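Structure data follow from data.cif (mmCIF, C-alpha atoms):
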```
data_final
loop_
_atom_site.group_PDB
_atom_site.id
_atom_site.type_symbol
_atom_site.label_atom_id
_atom_site.label_comp_id
_atom_site.auth_asym_id
_atom_site.auth_seq_id
_atom_site.Cartn_x
_atom_site.Cartn_y
_atom_site.Cartn_z
ATOM 1 C CA MET F 187 41.490 -6.442 -10.178
ATOM 2 C CA LEU F 188 37.748 -5.860 -10.355
ATOM 3 C CA LYS F 189 37.182 -8.982 -12.466
ATOM 4 C CA SER F 190 39.230 -11.052 -10.049
ATOM 5 C CA ARG F 191 37.261 -9.746 -7.073
ATOM 6 C CA LEU F 192 33.938 -10.338 -8.865
ATOM 7 C CA GLY F 193 34.973 -13.869 -9.831
ATOM 8 C CA LYS F 194 35.899 -14.709 -6.244
ATOM 9 C CA ASP F 195 32.607 -13.296 -4.997
ATOM 10 C CA LEU F 196 30.624 -15.320 -7.558
ATOM 11 C CA LEU F 197 32.487 -18.480 -6.606
ATOM 12 C CA ARG F 198 32.112 -17.892 -2.855
ATOM 13 C CA ASN F 199 28.391 -17.057 -3.029
ATOM 14 C CA LYS F 200 27.349 -19.172 -6.030
ATOM 15 C CA TRP F 201 24.376 -20.721 -4.239
ATOM 16 C CA LEU F 202 23.061 -17.304 -3.199
ATOM 17 C CA TYR F 203 23.295 -16.064 -6.786
ATOM 18 C CA LEU F 204 21.515 -19.195 -8.003
ATOM 19 C CA MET F 205 18.715 -18.579 -5.501
ATOM 20 C CA ILE F 206 18.208 -15.019 -6.705
ATOM 21 C CA ILE F 207 18.027 -15.924 -10.417
ATOM 22 C CA PRO F 208 14.272 -16.842 -10.351
ATOM 23 C CA VAL F 209 13.474 -13.511 -8.641
ATOM 24 C CA VAL F 210 15.497 -11.573 -11.251
ATOM 25 C CA ILE F 211 13.771 -13.449 -14.089
ATOM 26 C CA TYR F 212 10.346 -12.763 -12.566
ATOM 27 C CA TYR F 213 10.960 -9.028 -12.252
ATOM 28 C CA PHE F 214 12.484 -8.834 -15.721
ATOM 29 C CA LEU F 215 9.585 -10.658 -17.414
ATOM 30 C CA PHE F 216 6.679 -9.165 -15.493
ATOM 31 C CA HIS F 217 7.954 -5.715 -14.444
ATOM 32 C CA TYR F 218 10.462 -4.551 -17.052
ATOM 33 C CA VAL F 219 9.445 -6.198 -20.342
ATOM 34 C CA PRO F 220 5.844 -4.846 -20.065
ATOM 35 C CA LEU F 221 7.264 -1.288 -19.895
ATOM 36 C CA TYR F 222 7.552 -1.501 -23.678
ATOM 37 C CA GLY F 223 3.738 -1.511 -23.864
ATOM 38 C CA THR F 224 3.439 1.888 -22.181
ATOM 39 C CA ILE F 225 4.044 3.580 -25.528
ATOM 40 C CA ILE F 226 0.413 2.877 -26.402
ATOM 41 C CA ALA F 227 -0.378 5.797 -24.080
ATOM 42 C CA PHE F 228 0.967 7.995 -26.880
ATOM 43 C CA LYS F 229 -0.766 6.087 -29.683
ATOM 44 C CA GLN F 230 -4.286 5.319 -30.846
ATOM 45 C CA PHE F 231 -3.833 1.638 -30.172
ATOM 46 C CA VAL F 232 -5.677 -0.781 -32.447
ATOM 47 C CA PRO F 233 -5.068 -4.464 -31.611
ATOM 48 C CA ALA F 234 -5.223 -5.453 -35.292
ATOM 49 C CA LYS F 235 -2.399 -3.013 -36.145
ATOM 50 C CA GLY F 236 -0.266 -3.847 -33.126
ATOM 51 C CA ILE F 237 1.713 -1.452 -30.951
ATOM 52 C CA LEU F 238 4.172 -0.296 -33.629
ATOM 53 C CA GLY F 239 1.547 -0.117 -36.378
ATOM 54 C CA SER F 240 -0.926 2.047 -34.435
ATOM 55 C CA ASP F 241 -1.056 5.787 -35.163
ATOM 56 C CA TRP F 242 0.976 8.157 -32.992
ATOM 57 C CA VAL F 243 -1.208 10.772 -31.235
ATOM 58 C CA GLY F 244 1.225 12.262 -28.721
ATOM 59 C CA PHE F 245 -0.348 13.645 -25.537
ATOM 60 C CA LYS F 246 -3.940 13.467 -26.818
ATOM 61 C CA HIS F 247 -5.087 10.909 -24.213
ATOM 62 C CA PHE F 248 -3.439 12.805 -21.363
ATOM 63 C CA GLU F 249 -5.238 15.986 -22.429
ATOM 64 C CA GLU F 250 -8.545 14.098 -22.567
ATOM 65 C CA PHE F 251 -8.008 12.822 -19.038
ATOM 66 C CA PHE F 252 -7.057 16.243 -17.655
ATOM 67 C CA SER F 253 -10.166 17.781 -19.210
ATOM 68 C CA SER F 254 -12.453 14.888 -18.247
ATOM 69 C CA ILE F 255 -15.321 15.455 -15.804
ATOM 70 C CA TYR F 256 -13.955 12.494 -13.813
ATOM 71 C CA PHE F 257 -10.421 13.897 -13.413
ATOM 72 C CA PHE F 258 -10.921 15.798 -10.146
ATOM 73 C CA ARG F 259 -13.189 13.093 -8.712
ATOM 74 C CA VAL F 260 -10.747 10.209 -9.135
ATOM 75 C CA ILE F 261 -7.761 12.313 -8.025
ATOM 76 C CA LYS F 262 -9.654 13.561 -4.960
ATOM 77 C CA ASN F 263 -10.875 10.074 -3.982
ATOM 78 C CA THR F 264 -7.436 8.525 -4.489
ATOM 79 C CA VAL F 265 -5.646 11.195 -2.454
ATOM 80 C CA LEU F 266 -8.218 11.201 0.367
ATOM 81 C CA LEU F 267 -8.280 7.409 0.736
ATOM 82 C CA SER F 268 -4.470 7.284 0.687
ATOM 83 C CA PHE F 269 -4.169 10.190 3.124
ATOM 84 C CA PHE F 270 -6.593 8.720 5.671
ATOM 85 C CA ASN F 271 -5.039 5.288 5.297
ATOM 86 C CA LEU F 272 -1.614 6.837 5.938
ATOM 87 C CA LEU F 273 -2.898 8.980 8.813
ATOM 88 C CA PHE F 274 -4.639 6.167 10.691
ATOM 89 C CA GLY F 275 -3.161 3.000 9.180
ATOM 90 C CA PHE F 276 0.554 3.804 9.252
ATOM 91 C CA PRO F 277 0.866 4.475 13.037
ATOM 92 C CA ALA F 278 -1.377 1.519 13.954
ATOM 93 C CA PRO F 279 1.251 -1.282 13.672
ATOM 94 C CA ILE F 280 3.832 0.919 15.422
ATOM 95 C CA ILE F 281 1.498 1.451 18.374
ATOM 96 C CA LEU F 282 0.570 -2.243 18.490
ATOM 97 C CA ALA F 283 4.248 -3.254 18.370
ATOM 98 C CA LEU F 284 5.033 -0.928 21.282
ATOM 99 C CA LEU F 285 2.139 -2.370 23.291
ATOM 100 C CA LEU F 286 3.069 -5.989 22.524
ATOM 101 C CA ASN F 287 6.677 -5.301 23.473
ATOM 102 C CA GLU F 288 5.543 -4.230 26.956
ATOM 103 C CA LEU F 289 3.524 -7.407 27.625
ATOM 104 C CA LYS F 290 5.021 -9.531 30.393
ATOM 105 C CA SER F 291 3.559 -12.864 29.272
ATOM 106 C CA PRO F 292 5.353 -14.280 26.180
ATOM 107 C CA LEU F 293 2.451 -16.717 25.597
ATOM 108 C CA PHE F 294 -0.191 -13.980 25.594
ATOM 109 C CA ARG F 295 2.014 -11.850 23.333
ATOM 110 C CA ARG F 296 2.406 -14.665 20.781
ATOM 111 C CA ILE F 297 -1.329 -15.428 20.815
ATOM 112 C CA THR F 298 -2.210 -11.748 20.374
ATOM 113 C CA GLN F 299 0.294 -11.319 17.559
ATOM 114 C CA THR F 300 -0.980 -14.431 15.780
ATOM 115 C CA ILE F 301 -4.590 -13.266 16.003
ATOM 116 C CA THR F 302 -3.736 -9.809 14.664
ATOM 117 C CA TYR F 303 -1.706 -10.914 11.648
ATOM 118 C CA MET F 304 -4.046 -13.746 10.566
ATOM 119 C CA PRO F 305 -6.353 -11.387 8.591
ATOM 120 C CA HIS F 306 -3.404 -10.565 6.315
ATOM 121 C CA PHE F 307 -3.596 -14.095 4.899
ATOM 122 C CA ILE F 308 -7.326 -14.019 4.199
ATOM 123 C CA THR F 309 -8.017 -13.594 0.485
ATOM 124 C CA LEU F 310 -9.572 -10.281 -0.508
ATOM 125 C CA VAL F 311 -12.631 -12.005 -1.926
ATOM 126 C CA VAL F 312 -13.382 -13.432 1.519
ATOM 127 C CA VAL F 313 -12.580 -10.104 3.213
ATOM 128 C CA ALA F 314 -14.936 -8.270 0.850
ATOM 129 C CA GLY F 315 -17.607 -10.888 1.504
ATOM 130 C CA ILE F 316 -17.248 -10.419 5.269
ATOM 131 C CA ILE F 317 -17.475 -6.635 4.901
ATOM 132 C CA ARG F 318 -20.558 -6.896 2.691
ATOM 133 C CA TYR F 319 -22.233 -9.334 5.070
ATOM 134 C CA PHE F 320 -21.539 -7.196 8.137
ATOM 135 C CA THR F 321 -22.688 -3.949 6.485
ATOM 136 C CA LEU F 322 -25.948 -5.213 4.975
ATOM 137 C CA SER F 323 -29.151 -3.599 6.209
ATOM 138 C CA ASP F 324 -29.832 -6.862 8.080
ATOM 139 C CA GLY F 325 -26.165 -7.515 8.881
ATOM 140 C CA LEU F 326 -24.384 -7.709 12.229
ATOM 141 C CA ILE F 327 -23.527 -3.999 12.483
ATOM 142 C CA ASN F 328 -27.107 -2.980 11.784
ATOM 143 C CA ASP F 329 -28.352 -5.556 14.294
ATOM 144 C CA VAL F 330 -26.272 -3.785 16.954
ATOM 145 C CA ILE F 331 -27.544 -0.366 15.789
ATOM 146 C CA ALA F 332 -31.154 -1.588 15.842
ATOM 147 C CA PHE F 333 -30.650 -3.107 19.306
ATOM 148 C CA PHE F 334 -29.829 0.367 20.647
ATOM 149 C CA GLY F 335 -32.804 1.898 18.846
ATOM 150 C CA GLY F 336 -31.076 3.217 15.722
ATOM 151 C CA ALA F 337 -32.272 2.969 12.125
ATOM 152 C CA ARG F 338 -30.862 0.319 9.823
ATOM 153 C CA ILE F 339 -28.590 1.585 7.021
ATOM 154 C CA SER F 340 -27.228 -0.167 3.935
ATOM 155 C CA PHE F 341 -23.706 1.161 4.442
ATOM 156 C CA LEU F 342 -22.230 0.177 1.083
ATOM 157 C CA GLN F 343 -24.968 2.108 -0.680
ATOM 158 C CA GLN F 344 -24.047 5.315 1.162
ATOM 159 C CA PRO F 345 -21.147 7.278 -0.435
ATOM 160 C CA GLU F 346 -20.166 8.851 2.897
ATOM 161 C CA SER F 347 -19.774 5.410 4.528
ATOM 162 C CA PHE F 348 -17.311 3.957 2.037
ATOM 163 C CA ARG F 349 -14.124 5.676 3.239
ATOM 164 C CA PRO F 350 -14.516 4.704 6.944
ATOM 165 C CA ILE F 351 -15.339 1.120 5.925
ATOM 166 C CA TYR F 352 -12.300 0.926 3.649
ATOM 167 C CA ILE F 353 -9.865 2.471 6.150
ATOM 168 C CA ILE F 354 -11.064 0.385 9.121
ATOM 169 C CA SER F 355 -10.924 -2.843 7.104
ATOM 170 C CA GLU F 356 -7.409 -1.965 5.855
ATOM 171 C CA ILE F 357 -6.185 -1.403 9.401
ATOM 172 C CA TRP F 358 -7.784 -4.655 10.576
ATOM 173 C CA GLN F 359 -6.203 -6.572 7.700
ATOM 174 C CA GLN F 360 -2.687 -5.081 7.764
ATOM 175 C CA ILE F 361 -1.960 -4.049 11.353
ATOM 176 C CA GLY F 362 -0.640 -7.425 12.512
ATOM 177 C CA TRP F 363 1.598 -7.959 9.487
ATOM 178 C CA GLY F 364 3.158 -4.506 9.876
ATOM 179 C CA THR F 365 3.707 -5.152 13.571
ATOM 180 C CA ILE F 366 6.104 -8.012 12.753
ATOM 181 C CA ILE F 367 8.515 -5.569 11.110
ATOM 182 C CA TYR F 368 8.515 -3.142 14.038
ATOM 183 C CA LEU F 369 8.815 -5.887 16.651
ATOM 184 C CA ALA F 370 11.868 -7.193 14.784
ATOM 185 C CA ALA F 371 13.323 -3.666 14.849
ATOM 186 C CA ILE F 372 12.635 -3.359 18.595
ATOM 187 C CA THR F 373 14.439 -6.628 19.349
ATOM 188 C CA GLY F 374 17.531 -5.157 17.671
ATOM 189 C CA ILE F 375 17.773 -2.326 20.207
ATOM 190 C CA ASP F 376 20.637 -2.690 22.676
ATOM 191 C CA GLN F 377 19.134 -3.731 26.027
ATOM 192 C CA GLN F 378 21.818 -1.781 27.873
ATOM 193 C CA GLN F 379 20.052 1.407 26.778
ATOM 194 C CA TYR F 380 16.929 0.312 28.686
ATOM 195 C CA GLU F 381 19.002 -0.574 31.730
ATOM 196 C CA ALA F 382 20.703 2.824 31.654
ATOM 197 C CA ALA F 383 17.306 4.530 31.317
ATOM 198 C CA LYS F 384 15.974 2.591 34.347
ATOM 199 C CA ILE F 385 19.002 3.598 36.404
ATOM 200 C CA ASP F 386 18.287 7.233 35.486
ATOM 201 C CA GLY F 387 14.720 6.767 36.760
ATOM 202 C CA ALA F 388 12.948 6.757 33.386
ATOM 203 C CA THR F 389 9.348 5.545 33.394
ATOM 204 C CA LYS F 390 7.987 3.127 30.788
ATOM 205 C CA LEU F 391 6.644 5.977 28.661
ATOM 206 C CA GLN F 392 9.970 7.797 28.869
ATOM 207 C CA GLN F 393 11.805 4.621 27.849
ATOM 208 C CA ILE F 394 9.512 4.287 24.833
ATOM 209 C CA ARG F 395 9.992 7.945 23.914
ATOM 210 C CA HIS F 396 13.761 8.178 24.392
ATOM 211 C CA VAL F 397 14.937 4.608 23.656
ATOM 212 C CA THR F 398 12.420 2.543 21.691
ATOM 213 C CA LEU F 399 11.167 5.145 19.217
ATOM 214 C CA PRO F 400 14.647 6.492 18.333
ATOM 215 C CA GLY F 401 15.815 2.875 17.992
ATOM 216 C CA ILE F 402 13.163 1.996 15.416
ATOM 217 C CA LEU F 403 13.163 5.407 13.698
ATOM 218 C CA PRO F 404 15.222 4.189 10.684
ATOM 219 C CA THR F 405 12.680 1.404 10.101
ATOM 220 C CA ILE F 406 9.771 3.837 10.493
ATOM 221 C CA MET F 407 11.291 6.227 7.959
ATOM 222 C CA ILE F 408 11.940 3.488 5.392
ATOM 223 C CA MET F 409 8.368 2.199 5.737
ATOM 224 C CA LEU F 410 7.041 5.763 5.484
ATOM 225 C CA ILE F 411 8.991 6.393 2.280
ATOM 226 C CA LEU F 412 7.616 3.183 0.761
ATOM 227 C CA ALA F 413 4.096 4.126 1.848
ATOM 228 C CA LEU F 414 4.419 7.590 0.313
ATOM 229 C CA GLY F 415 5.761 6.050 -2.892
ATOM 230 C CA ASN F 416 2.499 4.118 -3.209
ATOM 231 C CA ILE F 417 0.210 6.903 -2.083
ATOM 232 C CA MET F 418 -1.630 6.981 -5.431
ATOM 233 C CA ASN F 419 -2.008 3.198 -5.537
ATOM 234 C CA VAL F 420 -5.125 2.556 -3.486
ATOM 235 C CA GLY F 421 -6.231 -1.052 -2.994
ATOM 236 C CA PHE F 422 -7.766 -1.717 -6.407
ATOM 237 C CA GLU F 423 -8.988 -5.256 -5.768
ATOM 238 C CA LYS F 424 -10.864 -4.471 -2.564
ATOM 239 C CA ILE F 425 -12.567 -1.418 -4.047
ATOM 240 C CA ILE F 426 -13.630 -3.357 -7.144
ATOM 241 C CA LEU F 427 -15.161 -6.020 -4.902
ATOM 242 C CA LEU F 428 -16.958 -3.475 -2.708
ATOM 243 C CA TYR F 429 -18.060 -0.566 -4.831
ATOM 244 C CA SER F 430 -21.054 0.031 -7.065
ATOM 245 C CA ALA F 431 -22.367 2.889 -9.201
ATOM 246 C CA SER F 432 -24.195 4.361 -6.196
ATOM 247 C CA ILE F 433 -20.905 5.110 -4.380
ATOM 248 C CA TYR F 434 -18.708 6.124 -7.332
ATOM 249 C CA GLU F 435 -18.761 9.608 -5.830
ATOM 250 C CA THR F 436 -16.346 8.552 -3.063
ATOM 251 C CA ALA F 437 -15.144 5.085 -4.127
ATOM 252 C CA ASP F 438 -14.007 5.676 -7.704
ATOM 253 C CA VAL F 439 -10.189 5.993 -7.698
ATOM 254 C CA ILE F 440 -7.563 6.097 -10.447
ATOM 255 C CA SER F 441 -7.012 2.333 -10.529
ATOM 256 C CA THR F 442 -10.736 1.517 -10.783
ATOM 257 C CA TYR F 443 -11.163 4.237 -13.406
ATOM 258 C CA VAL F 444 -8.334 2.661 -15.443
ATOM 259 C CA TYR F 445 -10.038 -0.725 -15.078
ATOM 260 C CA ARG F 446 -13.381 0.589 -16.323
ATOM 261 C CA LYS F 447 -11.907 2.478 -19.266
ATOM 262 C CA GLY F 448 -9.395 -0.162 -20.302
ATOM 263 C CA ILE F 449 -11.116 -3.481 -19.633
ATOM 264 C CA LEU F 450 -14.819 -2.660 -19.774
ATOM 265 C CA GLU F 451 -14.775 0.076 -22.422
ATOM 266 C CA PHE F 452 -11.727 -1.187 -24.394
ATOM 267 C CA SER F 453 -10.055 2.273 -24.359
ATOM 268 C CA TYR F 454 -6.595 0.759 -24.084
ATOM 269 C CA SER F 455 -4.559 3.846 -24.980
ATOM 270 C CA TYR F 456 -6.590 6.155 -22.758
ATOM 271 C CA SER F 457 -6.333 3.856 -19.747
ATOM 272 C CA ALA F 458 -2.595 3.389 -20.373
ATOM 273 C CA ALA F 459 -2.183 7.179 -20.338
ATOM 274 C CA VAL F 460 -4.043 7.452 -17.023
ATOM 275 C CA GLY F 461 -2.006 4.612 -15.524
ATOM 276 C CA LEU F 462 1.257 6.166 -16.709
ATOM 277 C CA PHE F 463 0.268 9.515 -15.221
ATOM 278 C CA ASN F 464 -0.421 7.764 -11.905
ATOM 279 C CA SER F 465 2.956 5.986 -11.977
ATOM 280 C CA VAL F 466 4.827 9.222 -12.700
ATOM 281 C CA ILE F 467 3.125 10.927 -9.733
ATOM 282 C CA ASN F 468 4.024 7.999 -7.449
ATOM 283 C CA PHE F 469 7.624 8.009 -8.638
ATOM 284 C CA THR F 470 7.921 11.760 -8.094
ATOM 285 C CA ILE F 471 6.506 11.519 -4.555
ATOM 286 C CA LEU F 472 8.904 8.642 -3.807
ATOM 287 C CA LEU F 473 11.906 10.726 -4.901
ATOM 288 C CA LEU F 474 10.756 13.733 -2.859
ATOM 289 C CA ALA F 475 10.023 11.615 0.243
ATOM 290 C CA ASN F 476 13.400 9.882 0.013
ATOM 291 C CA SER F 477 15.217 13.207 -0.397
ATOM 292 C CA PHE F 478 13.358 14.816 2.515
ATOM 293 C CA SER F 479 13.973 11.808 4.787
ATOM 294 C CA LYS F 480 17.677 11.811 3.933
ATOM 295 C CA ARG F 481 18.010 15.480 4.839
ATOM 296 C CA ALA F 482 15.796 15.398 7.930
ATOM 297 C CA SER F 483 16.838 12.120 9.576
ATOM 298 C CA ASN F 484 19.755 10.763 7.493
ATOM 299 C CA ASN F 485 17.622 7.701 6.670
ATOM 300 C CA SER F 486 16.766 6.851 3.079
ATOM 301 C CA LEU F 487 16.257 4.037 0.579
ATOM 302 C CA TRP F 488 19.311 5.105 -1.397
#
```

Take the structure in this file and express it as structure tokens.
Amino acid sequence: MLKSRLGKDLLRNKWLYLMIIPVVIYYFLFHYVPLYGTIIAFKQFVPAKGILGSDWVGFKHFEEFFSSIYFFRVIKNTVLLSFFNLLFGFPAPIILALLLNELKSPLFRRITQTITYMPHFITLVVVAGIIRYFTLSDGLINDVIAFFGGARISFLQQPESFRPIYIISEIWQQIGWGTIIYLAAITGIDQQQYEAAKIDGATKLQQIRHVTLPGILPTIMIMLILALGNIMNVGFEKIILLYSASIYETADVISTYVYRKGILEFSYSYSAAVGLFNSVINFTILLLANSFSKRASNNSLW
């Protein structure tokens, strides 16, 4: 019975299954096969000996990381950057979507939406270049500060300036792209609910609070779970392009630490251990967030 049903489904949707084959192959080759290499986190990996030939050292590299002078710094920086990005960056596209939905002019709404999501398609190298240019001591931001009588500052040389720069640039780059998802969710809300709210005398704010927000709550919860599942994965590429030794104090995160230890210092096993620790933390947070969301709002990934 099951085989017959599966055969009919394969025959009926053969083109859909053919379309998904390249995606399955990609994930298998680049996301599942490399998992075999994670065992070097428990070995003293020597390239000449290979993965299987290298000596087994157990949790030695994990212990070294936990006792390292950099442990608390990279954990603190990673958590703080992720927390502030979640605190300010996650609500931003929701708020923008609500505002765009209230615009009366479709033309102005499309233009605004296009302008806001264009930064998402700018390569990070260009984004980092723009940030560096604007934050130079003789850059645009300092020109404005000097115009009002302030002192010029080389922002990317100041540890305390890195987090605001990173968070603001992340919001600028991602807000428009995230808005697309929430606008799509808003369009799926039954318009009769708005009409009923108007008949009851609800204002625009009350309609947003009692109709729009509950209508997009499942989407918000799913996006929040995904965001929490990546809370320890701070934007590695952007930080690498922006940071320097003078701001390691606030800019050095787990991913950049793994890069320095693994690629620059050739400590492959140690960096693999740190990366595996980071992945386990992310996976644990994802499970907890999904479980909490399922109990609190009956919305979950699985």

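Closest approach to Pro305 of chain F from the set F:Gly364, F:Gly239, F:Pro292, F:Gly374 is made by F:Gly364, with distances taken over only C-alpha atoms.
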
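Here atom CA of Ile366 of chain F is placed at a distance of 13.9 Å from atom CA of Phe307 of chain F.
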
Find the smallest box with edges along x, y and z containing every listed atom of segment 300-318 of chain F, then add 3 Å on each side and report centre and edge lengths in Å to one decimal, as lines of an AutoDock Vina configuration file.
```
center_x = -10.8
center_y = -10.5
center_z = 7.0
size_x = 25.6
size_y = 13.8
size_z = 23.9
```

Given the PyMOL selection byres ((chain F and resi 317) around 12), the residues it picks as a PyMOL selection string: chain F and resi 310-316+318-322+325-327+340-342+348+350-356+358-359+424-425+427-429

Distance atom CA of Leu412 of chain F-atom CA of Asn476 of chain F, one decimal place? 8.9 Å

Contacts of Lys229 of chain F at 6 Å (only C-alpha atoms; same-chain gap of 5+ positions) as a ChimeraX atom specification: /F:241-243

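Considering the residues F:Asn485, F:Gln392, F:Ser453, F:Asn287 and counting only C-alpha atoms, Ala370 of chain F has its shortest atom-to-atom contact with F:Asn287.
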
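If you look at atom CA of Asp386 of chain F and atom CA of Thr405 of chain F, they are 26.6 Å away from each other.
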
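Counting all atoms listed in the file and comparing F:Val444, F:Leu414, F:Arg191, F:Thr309, the residue that lies closest to Phe469 of chain F is F:Leu414.
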